[in-house]
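K.L.:
I'm passing along coords_21.csv; it holds CSV, C-alpha atoms and all ligand atoms.
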```csv
chain,number,residue,atom,x,y,z
A,62,MET,CA,51.1,122.1,185.1
A,63,ALA,CA,50.0,125.6,184.1
A,64,HIS,CA,46.6,126.8,185.1
A,65,PRO,CA,44.2,126.8,182.0
A,66,LEU,CA,44.1,130.7,182.2
A,67,ASP,CA,47.8,130.8,181.9
A,68,GLU,CA,47.8,128.9,178.6
A,69,HIS,CA,48.4,132.0,176.4
A,70,GLY,CA,48.5,130.2,173.1
A,71,GLN,CA,45.1,128.5,173.7
A,72,LEU,CA,43.6,131.7,175.1
A,73,ARG,CA,44.6,133.6,171.9
A,74,SER,CA,43.2,131.0,169.6
A,75,ALA,CA,39.9,131.0,171.6
A,76,ASP,CA,39.8,134.8,171.0
A,77,PRO,CA,40.1,135.1,167.2
A,78,HIS,CA,38.9,138.7,167.1
A,79,GLY,CA,41.3,140.0,169.7
A,80,MET,CA,39.0,141.0,172.5
A,81,MET,CA,41.8,140.6,175.0
A,82,ALA,CA,44.0,143.0,172.9
A,83,LEU,CA,41.2,145.5,172.8
A,84,THR,CA,40.8,145.2,176.6
A,85,LEU,CA,44.5,145.6,177.2
A,86,ASP,CA,44.3,148.8,175.1
A,87,PHE,CA,41.6,150.3,177.3
A,88,PRO,CA,43.9,152.7,179.2
A,89,ALA,CA,45.3,154.0,175.9
A,90,GLN,CA,41.8,154.3,174.5
A,91,CYS,CA,40.7,156.4,177.5
A,92,LYS,CA,43.7,158.7,176.9
A,93,ARG,CA,42.8,159.0,173.2
A,94,ALA,CA,39.2,159.7,174.1
A,95,VAL,CA,40.1,162.5,176.4
A,96,GLU,CA,42.4,164.1,173.7
A,97,LEU,CA,39.7,163.7,171.1
A,98,ALA,CA,37.1,165.5,173.2
A,99,GLY,CA,39.7,168.1,174.3
A,100,GLU,CA,40.5,169.0,170.7
A,101,TRP,CA,36.9,168.8,169.4
A,102,ARG,CA,35.5,172.2,168.2
A,103,LEU,CA,33.2,172.9,171.1
A,104,PRO,CA,29.8,174.3,170.0
A,105,ASN,CA,28.3,177.1,172.0
A,106,LEU,CA,25.2,176.0,173.9
A,107,PRO,CA,22.5,178.4,172.9
A,108,ARG,CA,20.8,178.1,176.3
A,109,GLU,CA,21.7,177.2,179.9
A,110,PRO,CA,20.9,173.4,180.2
A,111,ARG,CA,18.7,172.4,183.1
A,112,LEU,CA,18.7,168.7,182.4
A,113,ILE,CA,21.1,166.3,180.6
A,114,VAL,CA,19.7,163.3,178.9
A,115,VAL,CA,21.8,160.5,177.5
A,116,SER,CA,20.1,158.2,175.0
A,117,GLY,CA,21.9,155.0,174.3
A,118,MET,CA,21.5,151.2,174.5
A,119,GLY,CA,23.8,148.4,175.9
A,120,GLY,CA,27.5,149.3,175.6
A,121,SER,CA,26.6,152.8,174.4
A,122,GLY,CA,24.0,153.5,177.2
A,123,ILE,CA,26.1,152.5,180.2
A,124,GLY,CA,28.4,155.5,179.6
A,125,GLY,CA,25.3,157.6,180.5
A,126,ASP,CA,25.2,156.0,183.9
A,127,TYR,CA,28.8,156.8,184.4
A,128,LEU,CA,28.2,160.4,183.5
A,129,ARG,CA,25.2,160.4,185.9
A,130,ALA,CA,27.5,159.2,188.7
A,131,LEU,CA,30.0,162.1,188.0
A,132,PHE,CA,27.2,164.6,188.0
A,133,GLU,CA,25.7,163.3,191.2
A,134,ALA,CA,29.0,163.7,192.9
A,135,HIS,CA,30.4,166.8,191.3
A,136,GLY,CA,27.8,168.6,189.2
A,137,SER,CA,24.6,170.4,189.8
A,138,LEU,CA,22.4,169.2,186.9
A,139,PRO,CA,20.3,166.1,186.9
A,140,VAL,CA,21.2,163.4,184.3
A,141,LEU,CA,18.7,161.0,182.9
A,142,VAL,CA,19.7,157.9,181.0
A,143,VAL,CA,17.0,156.8,178.4
A,144,ARG,CA,17.2,153.2,177.2
A,145,ASP,CA,14.1,153.1,175.2
A,146,TYR,CA,12.4,154.6,172.1
A,147,HIS,CA,10.8,157.5,173.9
A,148,LEU,CA,12.0,160.5,175.7
A,149,PRO,CA,10.2,161.6,178.9
A,150,ARG,CA,7.8,164.6,178.6
A,151,CYS,CA,10.2,166.8,180.6
A,152,VAL,CA,12.6,167.0,177.7
A,153,ASP,CA,12.4,170.6,176.3
A,154,PRO,CA,14.7,173.4,174.9
A,155,HIS,CA,16.6,173.5,178.1
A,156,THR,CA,17.6,169.9,177.8
A,157,LEU,CA,21.1,168.9,176.6
A,158,LEU,CA,20.7,165.5,174.8
A,159,PHE,CA,23.7,163.2,174.1
A,160,ALA,CA,22.6,160.7,171.5
A,161,VAL,CA,25.2,157.9,171.8
A,162,SER,CA,25.4,154.9,169.5
A,163,TYR,CA,28.7,153.3,168.6
A,164,SER,CA,27.4,152.0,165.3
A,165,GLY,CA,25.2,155.0,164.8
A,166,ASN,CA,22.4,152.7,163.7
A,167,THR,CA,20.6,151.7,166.9
A,168,GLU,CA,16.9,152.4,166.3
A,169,GLU,CA,16.0,153.3,169.9
A,170,THR,CA,18.7,156.0,170.0
A,171,LEU,CA,17.8,157.3,166.5
A,172,SER,CA,14.2,157.6,167.7
A,173,CYS,CA,15.2,159.7,170.8
A,174,TYR,CA,17.4,161.8,168.6
A,175,GLU,CA,14.4,162.7,166.4
A,176,GLN,CA,12.1,163.4,169.3
A,177,ALA,CA,14.7,165.7,170.8
A,178,ARG,CA,14.7,167.7,167.6
A,179,ALA,CA,10.9,168.0,167.8
A,180,ARG,CA,11.2,169.2,171.4
A,181,GLY,CA,13.8,171.8,170.5
A,182,ALA,CA,16.4,170.2,172.8
A,183,MET,CA,20.2,170.9,172.3
A,184,ARG,CA,21.6,167.9,170.7
A,185,VAL,CA,25.1,166.3,170.5
A,186,ALA,CA,25.6,163.0,168.7
A,187,ILE,CA,28.4,160.6,169.4
A,188,SER,CA,29.1,157.6,167.1
A,189,SER,CA,31.7,156.0,165.0
A,190,GLY,CA,29.6,156.6,161.9
A,191,GLY,CA,26.2,155.2,160.7
A,192,GLU,CA,22.9,156.9,160.3
A,193,LEU,CA,23.4,159.1,163.4
A,194,GLN,CA,26.4,160.7,161.8
A,195,VAL,CA,24.6,161.1,158.5
A,196,ARG,CA,21.6,162.8,160.1
A,197,ALA,CA,23.7,165.0,162.4
A,198,GLN,CA,25.9,166.2,159.5
A,199,ARG,CA,22.8,166.8,157.3
A,200,GLU,CA,21.1,168.9,160.1
A,201,GLY,CA,24.3,170.7,161.3
A,202,VAL,CA,24.0,169.0,164.7
A,203,PRO,CA,27.4,168.7,166.5
A,204,HIS,CA,28.8,165.2,166.0
A,205,LEU,CA,31.8,163.7,167.7
A,206,GLN,CA,33.2,160.8,165.7
A,207,VAL,CA,35.0,158.1,167.7
A,208,PRO,CA,37.3,155.6,166.0
A,209,VAL,CA,35.4,152.9,164.1
A,210,GLY,CA,35.9,149.1,164.1
A,211,GLN,CA,35.5,147.6,167.5
A,212,PRO,CA,32.6,146.1,169.5
A,213,PRO,CA,30.8,148.9,171.4
A,214,ARG,CA,31.3,147.2,174.8
A,215,THR,CA,35.1,147.5,174.3
A,216,ALA,CA,34.7,151.2,173.5
A,217,LEU,CA,33.5,152.5,176.9
A,218,GLY,CA,36.4,155.0,177.0
A,219,TYR,CA,35.2,156.6,173.7
A,220,LEU,CA,31.5,156.4,174.6
A,221,PHE,CA,31.7,157.9,178.2
A,222,LEU,CA,34.8,160.1,178.7
A,223,PRO,CA,34.1,162.6,175.8
A,224,MET,CA,30.7,163.5,177.4
A,225,ALA,CA,32.5,164.2,180.7
A,226,VAL,CA,35.2,166.3,179.0
A,227,LEU,CA,32.6,168.3,177.0
A,228,CYS,CA,30.7,169.0,180.1
A,229,GLU,CA,33.9,170.1,181.8
A,230,ARG,CA,34.6,172.4,178.8
A,231,TRP,CA,31.1,173.8,179.1
A,232,GLN,CA,31.8,174.3,182.8
A,233,LEU,CA,29.0,172.0,183.8
A,234,LEU,CA,31.5,169.9,185.7
A,235,PRO,CA,34.6,171.0,187.6
A,236,ASN,CA,38.1,170.7,186.2
A,237,LEU,CA,39.0,167.0,185.6
A,238,GLU,CA,42.6,167.3,184.5
A,239,GLN,CA,44.3,165.8,187.6
A,240,VAL,CA,41.6,163.3,188.2
A,241,LEU,CA,41.8,162.1,184.6
A,242,ALA,CA,45.6,161.9,184.8
A,243,ARG,CA,45.5,159.7,187.9
A,244,THR,CA,42.7,157.6,186.5
A,245,LEU,CA,44.7,156.8,183.4
A,246,GLN,CA,47.7,155.8,185.6
A,247,ARG,CA,45.5,153.6,187.7
A,248,LEU,CA,44.2,151.9,184.6
A,249,VAL,CA,47.7,151.2,183.3
A,250,GLN,CA,48.6,149.7,186.8
A,251,SER,CA,45.4,147.6,186.7
A,252,ARG,CA,46.1,146.3,183.3
A,253,ASP,CA,49.5,145.2,184.6
A,254,ARG,CA,47.9,143.3,187.4
A,255,TRP,CA,45.0,141.6,185.6
A,256,GLY,CA,46.3,141.2,182.0
A,257,ILE,CA,46.8,137.8,180.3
A,258,SER,CA,50.5,137.7,180.9
A,259,VAL,CA,50.1,137.9,184.7
A,260,ALA,CA,50.1,134.4,186.1
A,261,TYR,CA,47.0,132.9,187.9
A,262,GLU,CA,48.6,133.0,191.3
A,263,GLN,CA,49.1,136.8,191.2
A,264,ASN,CA,46.1,137.6,189.1
A,265,HIS,CA,42.9,138.5,190.9
A,266,ALA,CA,40.8,138.6,187.7
A,267,LYS,CA,41.8,135.1,186.7
A,268,GLN,CA,41.2,133.8,190.2
A,269,LEU,CA,37.7,135.4,190.4
A,270,ALA,CA,36.8,134.0,186.9
A,271,ALA,CA,37.9,130.5,188.0
A,272,ALA,CA,35.8,130.8,191.2
A,273,LEU,CA,32.8,131.9,189.2
A,274,HIS,CA,33.1,129.3,186.5
A,275,GLY,CA,29.9,127.2,186.3
A,276,LYS,CA,28.2,129.4,188.8
A,277,LEU,CA,25.3,131.8,188.6
A,278,PRO,CA,26.9,135.2,189.7
A,279,LEU,CA,24.8,137.6,191.7
A,280,LEU,CA,26.6,140.9,191.4
A,281,TYR,CA,25.9,143.2,194.3
A,282,GLY,CA,27.1,146.9,194.2
A,283,SER,CA,27.6,148.2,197.7
A,284,GLY,CA,25.4,151.3,196.8
A,285,ASP,CA,26.2,154.5,195.0
A,286,TYR,CA,28.4,154.1,191.8
A,287,ARG,CA,29.0,150.4,192.6
A,288,ALA,CA,25.4,149.8,191.5
A,289,ILE,CA,26.4,151.0,188.0
A,290,VAL,CA,29.5,149.0,187.9
A,291,ALA,CA,27.5,145.9,188.9
A,292,THR,CA,25.3,146.5,185.9
A,293,ARG,CA,28.3,146.8,183.6
A,294,TRP,CA,29.8,143.6,185.0
A,295,LYS,CA,26.4,141.9,184.3
A,296,GLY,CA,26.4,143.1,180.7
A,297,GLN,CA,30.0,142.0,180.2
A,298,PHE,CA,29.3,138.5,181.6
A,299,ASN,CA,26.3,138.2,179.3
A,300,GLU,CA,27.9,139.5,176.1
A,301,ASN,CA,31.4,138.2,176.5
A,302,ALA,CA,31.0,135.0,178.5
A,303,LYS,CA,27.5,134.1,177.2
A,304,GLN,CA,26.0,133.3,180.6
A,305,HIS,CA,23.5,134.7,183.0
A,306,ALA,CA,24.5,137.0,185.8
A,307,PHE,CA,22.2,139.2,187.8
A,308,ALA,CA,23.0,142.6,189.3
A,309,ASN,CA,21.5,144.4,192.3
A,310,THR,CA,22.6,146.9,194.8
A,311,PHE,CA,22.7,147.7,198.5
A,312,PRO,CA,20.7,149.0,200.3
A,313,GLU,CA,17.8,148.3,198.0
A,314,LEU,CA,18.4,144.5,197.9
A,315,ASN,CA,18.0,144.4,201.7
A,316,HIS,CA,14.4,145.4,201.2
A,317,ASN,CA,13.4,142.5,198.9
A,318,GLU,CA,16.1,140.2,197.3
A,319,ILE,CA,17.5,139.3,200.7
A,320,LEU,CA,14.4,137.1,201.2
A,321,GLY,CA,15.1,135.2,198.0
A,322,TRP,CA,18.0,133.6,200.0
A,323,VAL,CA,15.5,131.9,202.2
A,324,GLY,CA,14.6,129.6,199.3
A,325,ALA,CA,17.9,129.8,197.4
A,326,LYS,CA,18.9,126.2,198.1
A,327,ARG,CA,15.6,125.0,196.5
A,328,GLN,CA,16.3,127.0,193.3
A,329,ALA,CA,20.0,126.5,192.5
A,330,LYS,CA,23.0,125.1,194.2
A,331,ASN,CA,25.4,127.1,192.1
A,332,PHE,CA,24.9,130.7,193.2
A,333,ALA,CA,28.0,132.9,193.8
A,334,VAL,CA,27.8,136.4,195.2
A,335,VAL,CA,30.3,139.1,194.2
A,336,VAL,CA,30.0,142.3,196.2
A,337,LEU,CA,31.6,145.4,194.6
A,338,ARG,CA,32.9,147.5,197.4
A,339,ASP,CA,34.4,150.8,198.2
A,340,PRO,CA,36.8,151.7,201.1
A,341,ASP,CA,34.7,154.7,202.1
A,342,GLU,CA,31.4,152.9,202.6
A,343,SER,CA,29.3,154.2,205.4
A,344,ILE,CA,28.9,152.2,208.6
A,345,GLN,CA,25.3,151.5,207.6
A,346,ILE,CA,26.4,149.9,204.3
A,347,ARG,CA,29.2,147.9,205.9
A,348,THR,CA,26.7,146.6,208.4
A,349,ARG,CA,24.3,145.7,205.7
A,350,VAL,CA,26.9,143.8,203.7
A,351,GLU,CA,28.0,141.9,206.8
A,352,VAL,CA,24.5,140.9,207.9
A,353,THR,CA,23.6,139.9,204.4
A,354,ARG,CA,26.7,137.7,204.3
A,355,GLN,CA,25.5,136.0,207.4
A,356,LEU,CA,22.0,135.6,205.9
A,357,VAL,CA,23.3,134.1,202.7
A,358,GLY,CA,25.2,131.7,204.8
A,359,ASP,CA,26.3,128.6,203.0
A,360,ALA,CA,23.7,129.0,200.2
A,361,ALA,CA,26.3,130.6,198.0
A,362,GLU,CA,30.0,131.3,197.7
A,363,TRP,CA,30.8,134.9,198.7
A,364,HIS,CA,33.5,137.0,196.9
A,365,GLU,CA,34.4,140.7,197.2
A,366,ALA,CA,36.1,143.1,194.9
A,367,TRP,CA,37.3,146.5,196.2
A,368,ALA,CA,37.6,149.7,194.4
A,369,GLU,CA,41.0,151.6,194.7
A,370,GLY,CA,42.0,155.1,194.0
A,371,ASP,CA,41.5,158.7,195.3
A,372,SER,CA,38.7,159.9,193.1
A,373,LEU,CA,35.3,158.7,192.1
A,374,LEU,CA,36.4,158.4,188.4
A,375,GLU,CA,39.5,156.4,189.3
A,376,ARG,CA,37.5,153.9,191.5
A,377,LEU,CA,34.7,153.7,189.0
A,378,LEU,CA,36.8,152.8,186.0
A,379,MET,CA,39.2,150.6,187.9
A,380,LEU,CA,36.5,148.4,189.3
A,381,THR,CA,34.9,148.4,185.8
A,382,TYR,CA,38.1,147.2,184.3
A,383,LEU,CA,38.4,144.3,186.7
A,384,GLY,CA,35.0,143.1,185.5
A,385,ASP,CA,36.0,143.4,181.9
A,386,PHE,CA,39.0,141.0,182.5
A,387,VAL,CA,36.9,138.6,184.6
A,388,SER,CA,34.3,138.4,181.8
A,389,LEU,CA,37.0,137.5,179.2
A,390,TYR,CA,38.6,134.8,181.4
A,391,LEU,CA,35.1,133.4,182.0
A,392,ALA,CA,34.5,133.4,178.2
A,393,TYR,CA,37.5,131.3,177.8
A,394,LEU,CA,36.5,128.9,180.6
A,395,ASN,CA,33.0,128.7,179.1
A,396,GLY,CA,34.6,127.8,175.7
A,397,VAL,CA,32.9,130.6,173.9
A,398,ASP,CA,34.2,133.4,171.6
A,399,PRO,CA,33.9,136.6,173.6
A,400,TYR,CA,33.4,138.6,170.4
A,401,ALA,CA,30.3,136.9,169.0
A,402,ILE,CA,26.9,138.4,169.8
A,403,ASP,CA,24.8,136.4,167.3
A,404,SER,CA,21.5,136.8,169.3
A,405,ILE,CA,21.8,140.6,169.4
A,406,ASP,CA,22.7,140.7,165.7
A,407,ARG,CA,19.7,138.5,164.9
A,408,LEU,CA,17.3,140.7,166.8
A,409,LYS,CA,18.6,143.9,165.1
A,410,ALA,CA,18.2,142.2,161.7
A,411,GLU,CA,14.6,141.3,162.4
A,412,LEU,CA,13.8,144.8,163.6
A,413,ALA,CA,15.5,146.3,160.5
A,414,LYS,CA,13.3,144.1,158.3
A,415,LEU,CA,10.3,145.4,160.2
A,416,ALA,CA,11.4,149.0,159.8
A,417,SER,CA,11.9,148.7,156.0
A,418,SER,CA,8.5,147.0,155.5
A,419,GLU,CA,6.7,149.9,157.3
B,1,LIG,C1,27.9,145.2,171.5
B,1,LIG,C2,27.3,145.9,172.6
B,1,LIG,C3,25.8,146.2,172.5
B,1,LIG,C4,25.6,147.5,171.8
B,1,LIG,C5,24.1,147.8,171.6
B,1,LIG,C6,23.8,149.1,171.0
B,1,LIG,O1,29.3,145.2,171.8
B,1,LIG,O2,27.9,146.2,173.6
B,1,LIG,O3,25.3,146.2,173.8
B,1,LIG,O4,26.2,148.5,172.4
B,1,LIG,O5,23.4,146.8,170.9
B,1,LIG,O6,24.5,149.3,169.8
B,1,LIG,P1,25.3,150.6,169.5
B,1,LIG,O7,26.3,150.7,170.6
B,1,LIG,O8,26.0,150.4,168.2
B,1,LIG,O9,24.3,151.7,169.5
```
Would you kindly transcribe this structure into structure tokens?
Ligand code: F6R

P.N.:
Amino acid sequence: MAHPLDEHGQLRSADPHGMMALTLDFPAQCKRAVELAGEWRLPNLPREPRLIVVSGMGGSGIGGDYLRALFEAHGSLPVLVVRDYHLPRCVDPHTLLFAVSYSGNTEETLSCYEQARARGAMRVAISSGGELQVRAQREGVPHLQVPVGQPPRTALGYLFLPMAVLCERWQLLPNLEQVLARTLQRLVQSRDRWGISVAYEQNHAKQLAAALHGKLPLLYGSGDYRAIVATRWKGQFNENAKQHAFANTFPELNHNEILGWVGAKRQAKNFAVVVLRDPDESIQIRTRVEVTRQLVGDAAEWHEAWAEGDSLLERLLMLTYLGDFVSLYLAYLNGVDPYAIDSIDRLKAELAKLASSE
């Protein structure tokens, strides 16, 4: 008998809005995103930036963390990601602000966009339309329009890669051409390993989803960029599979969360740890992971997912992509539509009412 995750017909009818198709399209989306940013009429920056701030929420904010990882490894400017209504006081005319909102209507992002104007920061807006586009066009602020019509969390390529390419074009990041070409190849290979048509026996994403089904996943990044990927996995598990998952990172979790395992058996018998790992981890991190595994003991199942590739970008996006597939297979096993985000929609509607009554 076929494994439930190999029942293609049933999987398709459980996914009426085609989240799997959008996920299979991710490598092609990344290619289009790079082209889009490469062809965009690059505005001159009136001043040398000293700080980059990315304002965005949820699926639009996480791209800021990915940009931060690139700058930490290859750039010389600090990158701050603001997921709130307010910009920190350090934002000034030497700040380059990316206001990123797929819909263009997220109020936290619009609020930061306005504050950046008041502070005289250099602004670039990225959205598929919405109020952000209207305001940017009205004020002559550079606006990069990404294709419309998909959930923001499936548009990471559009929401992250253009920022990297623009920074490269402004010479704030080194040349990315080869790294991008290899990353795109790696994503195609990954799709061909984890996509729906690959049978359960050969498909690590399906196997991991099946192992995590019914469990409370604790997603541990092994430090560095894996901390960001763990956060992305958490968001995808929450939004696509409608379940809790928690994310933390080495080495920080060895200074607090490690003690939670002492009482873990009293709290839940269904924990599962997934460690997101990198082949070049330091000996300290490897030792931490190993000792943590011993301390967790039989209080939880233990899984590992390893990044592959030559460059940071390749490893970052490849490991991200694995989590996207796992979250969709989990959605199917949980019997939920991966597309629906009713609770987020309801909150946004309530806040919109509040804004219009003010
Ligand atoms: C929905 C999703 C959300 C949104 C967030 C902000 O797919 O991923 O996390 O990204 O609610 O909305 P936007 O991206 O339109 O600014």

K.L.:
Closest to Trp294 in chain A among A:Pro65, A:Pro104, A:Gly120, A:Gly201, using all atoms listed in the file?

P.N.:
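The closest residue to Trp294 in chain A is A:Gly120.
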
K.L.:
Could you give me, as a short mmCIF file (atom, residue, chain, number, x, y, z; two decimals) with C-alpha atoms, keeping the file's coordinate frame, the residues that sit within 12 Å of (31.6, 169.1, 177.7) in the file's coordinates, counting all atoms listed in the file?

P.N.:
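What follows is the written file part.cif:
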```
data_model
loop_
_atom_site.label_atom_id
_atom_site.label_comp_id
_atom_site.auth_asym_id
_atom_site.auth_seq_id
_atom_site.Cartn_x
_atom_site.Cartn_y
_atom_site.Cartn_z
CA VAL A 95 40.10 162.50 176.40
CA LEU A 97 39.70 163.70 171.10
CA ALA A 98 37.10 165.50 173.20
CA GLY A 99 39.70 168.10 174.30
CA GLU A 100 40.50 169.00 170.70
CA TRP A 101 36.90 168.80 169.40
CA ARG A 102 35.50 172.20 168.20
CA LEU A 103 33.20 172.90 171.10
CA PRO A 104 29.80 174.30 170.00
CA ASN A 105 28.30 177.10 172.00
CA LEU A 106 25.20 176.00 173.90
CA PRO A 110 20.90 173.40 180.20
CA ILE A 113 21.10 166.30 180.60
CA LEU A 128 28.20 160.40 183.50
CA LEU A 157 21.10 168.90 176.60
CA LEU A 158 20.70 165.50 174.80
CA PHE A 159 23.70 163.20 174.10
CA VAL A 185 25.10 166.30 170.50
CA PRO A 203 27.40 168.70 166.50
CA LEU A 205 31.80 163.70 167.70
CA PHE A 221 31.70 157.90 178.20
CA LEU A 222 34.80 160.10 178.70
CA PRO A 223 34.10 162.60 175.80
CA MET A 224 30.70 163.50 177.40
CA ALA A 225 32.50 164.20 180.70
CA VAL A 226 35.20 166.30 179.00
CA LEU A 227 32.60 168.30 177.00
CA CYS A 228 30.70 169.00 180.10
CA GLU A 229 33.90 170.10 181.80
CA ARG A 230 34.60 172.40 178.80
CA TRP A 231 31.10 173.80 179.10
CA GLN A 232 31.80 174.30 182.80
CA LEU A 233 29.00 172.00 183.80
CA LEU A 234 31.50 169.90 185.70
CA PRO A 235 34.60 171.00 187.60
CA ASN A 236 38.10 170.70 186.20
CA LEU A 237 39.00 167.00 185.60
#
```

K.L.:
Can you work out which one of A:Gly124, A:Pro77, A:Gly136, A:Gly370 has the shortest atom-to-atom distance to ligand LIG 1 (chain B), counting all atoms listed in the file?

P.N.:
A:Gly124

K.L.:
List as a Markdown table every residue of chain A that is in contact with ligand LIG 1 (chain B), defined as an atom at most 6 Å from one of its atoms (using only C-alpha atoms and all ligand atoms), together with the nearest atom pair and the distance in Å rounded to one decimal, sorted by chain and then rising number.

P.N.:
```
| residue | atom | partner | partner_atom | distance |
| --- | --- | --- | --- | --- |
| A:Met118 | CA | B:LIG1 | C6 | 4.7 |
| A:Gly119 | CA | B:LIG1 | O3 | 3.4 |
| A:Gly120 | CA | B:LIG1 | O4 | 3.5 |
| A:Ser121 | CA | B:LIG1 | O7 | 4.4 |
| A:Ser162 | CA | B:LIG1 | O9 | 3.4 |
| A:Tyr163 | CA | B:LIG1 | O8 | 4.0 |
| A:Ser164 | CA | B:LIG1 | O8 | 3.6 |
| A:Gly165 | CA | B:LIG1 | O8 | 5.8 |
| A:Thr167 | CA | B:LIG1 | O9 | 4.5 |
| A:Pro212 | CA | B:LIG1 | O1 | 4.1 |
| A:Pro213 | CA | B:LIG1 | O1 | 4.0 |
| A:Arg214 | CA | B:LIG1 | O2 | 3.7 |
```

K.L.:
Produce a table with one row for each residue of range 202-287 of chain A that has an atom at most 7 Å from any atom of range 310-315 of chain A, each row naming the nearest atom pair and its distance in Å at one decimal; use all atoms listed in the file; arrange rows by chain and rising residue number; format as CSV.

P.N.:
```
residue,atom,partner,partner_atom,distance
A:Tyr281,CA,A:Thr310,CA,5.0
A:Gly282,CA,A:Thr310,CA,4.5
A:Ser283,CA,A:Phe311,CA,5.0
A:Gly284,CA,A:Phe311,CA,4.8
```

K.L.:
To one decimal in Å, tell me the separation between CA of Thr156 in chain A and CA of Leu112 in chain A.

P.N.:
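That distance, rounded to one decimal, is 4.9 Å.
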
K.L.:
Name the closest residue to Asp406 in chain A among the candidates A:Asp285, A:Asp145, A:Asp67, A:Glu300; distances are taken between atoms, counting all atoms listed in the file.

P.N.:
A:Glu300

K.L.:
What is the distance between CA of Pro208 in chain A and CA of Ala89 in chain A, in Å to one decimal?

P.N.:
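Separation between CA of Pro208 in chain A and CA of Ala89 in chain A: 12.8 Å.
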
K.L.:
One decimal, in Å: what's the spacing between CA of Ala271 in chain A and CA of Leu380 in chain A?

P.N.:
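Result for CA of Ala271 in chain A versus CA of Leu380 in chain A: 18.0 Å, one decimal.
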
K.L.:
Kindly indicate which residue among A:Arg293, A:Ala82, A:Asn301, A:Ala416 lies nearest to Gly125 in chain A, using all atoms listed in the file for the distances.

P.N.:
A:Arg293

K.L.:
Using only C-alpha atoms, determine which residues lie at most 12 Å from Gln328 in chain A, disregarding the query and same-chain residues fewer than 5 positions distant; provide the list as an MDAnalysis selection string.

P.N.:
chainID A and resid 277 321:323 360:361

K.L.:
For the residues selected in the previous step, produce a file with C-alpha atoms as a compact mmCIF listing (two decimals), in the frame of the given file.

P.N.:
```
# COMPACT_ATOMS: atom_id res chain seq x y z
CA LEU A 277 25.30 131.80 188.60
CA GLY A 321 15.10 135.20 198.00
CA TRP A 322 18.00 133.60 200.00
CA VAL A 323 15.50 131.90 202.20
CA ALA A 360 23.70 129.00 200.20
CA ALA A 361 26.30 130.60 198.00
```

K.L.:
Near His204 in chain A, counting all atoms listed in the file, which residues have an atom at most 8 Å away, once you skip same-chain residues fewer than 2 positions from it, shown as a list in words?

P.N.:
Val185, Ala186, Ile187, Ser188, Gln194, Ala197, Gln198, Val202 and Gln206 of chain A

K.L.:
For Gln268 in chain A, which residue among A:His364, A:Lys295, A:Arg180, A:His135 is the nearest when counting all atoms listed in the file?

P.N.:
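When distances to Gln268 in chain A are compared using all atoms listed in the file, the smallest one comes from A:His364.
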
K.L.:
Tell me which of A:Asn166, A:Phe298, A:Val140, A:Met80 sits closest to Ala410 in chain A, counting all atoms listed in the file.

P.N.:
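Under the stated criterion, the closest residue is A:Asn166.
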
K.L.:
Please identify all polymer residues within 9 Å of Val397 in chain A, counting only C-alpha atoms, omitting same-chain residues fewer than 5 positions from it, and present them as a PyMOL selection string.

P.N.:
chain A and resi 75-76+301-303+391-392

K.L.:
For Val143 in chain A, please output as number ranges by chain all residues within 8 Å (counting only C-alpha atoms; exclusion window: fewer than 3 positions along the same chain).

P.N.:
A: 114-117, 122, 147-148

K.L.:
In the coordinate frame of the file, compute which residues have an atom within 9 Å of (33.2, 146.1, 186.7) when using all atoms listed in the file, and state them as a list in words.

P.N.:
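Returned residue set, sorted by chain then number, is Arg287, Ile289, Val290, Ala291, Thr292, Arg293, Trp294, Lys295, Gln297, Leu337, Leu377, Leu378, Met379, Leu380, Thr381, Tyr382, Leu383, Gly384, Asp385, Phe386 and Val387 of chain A.
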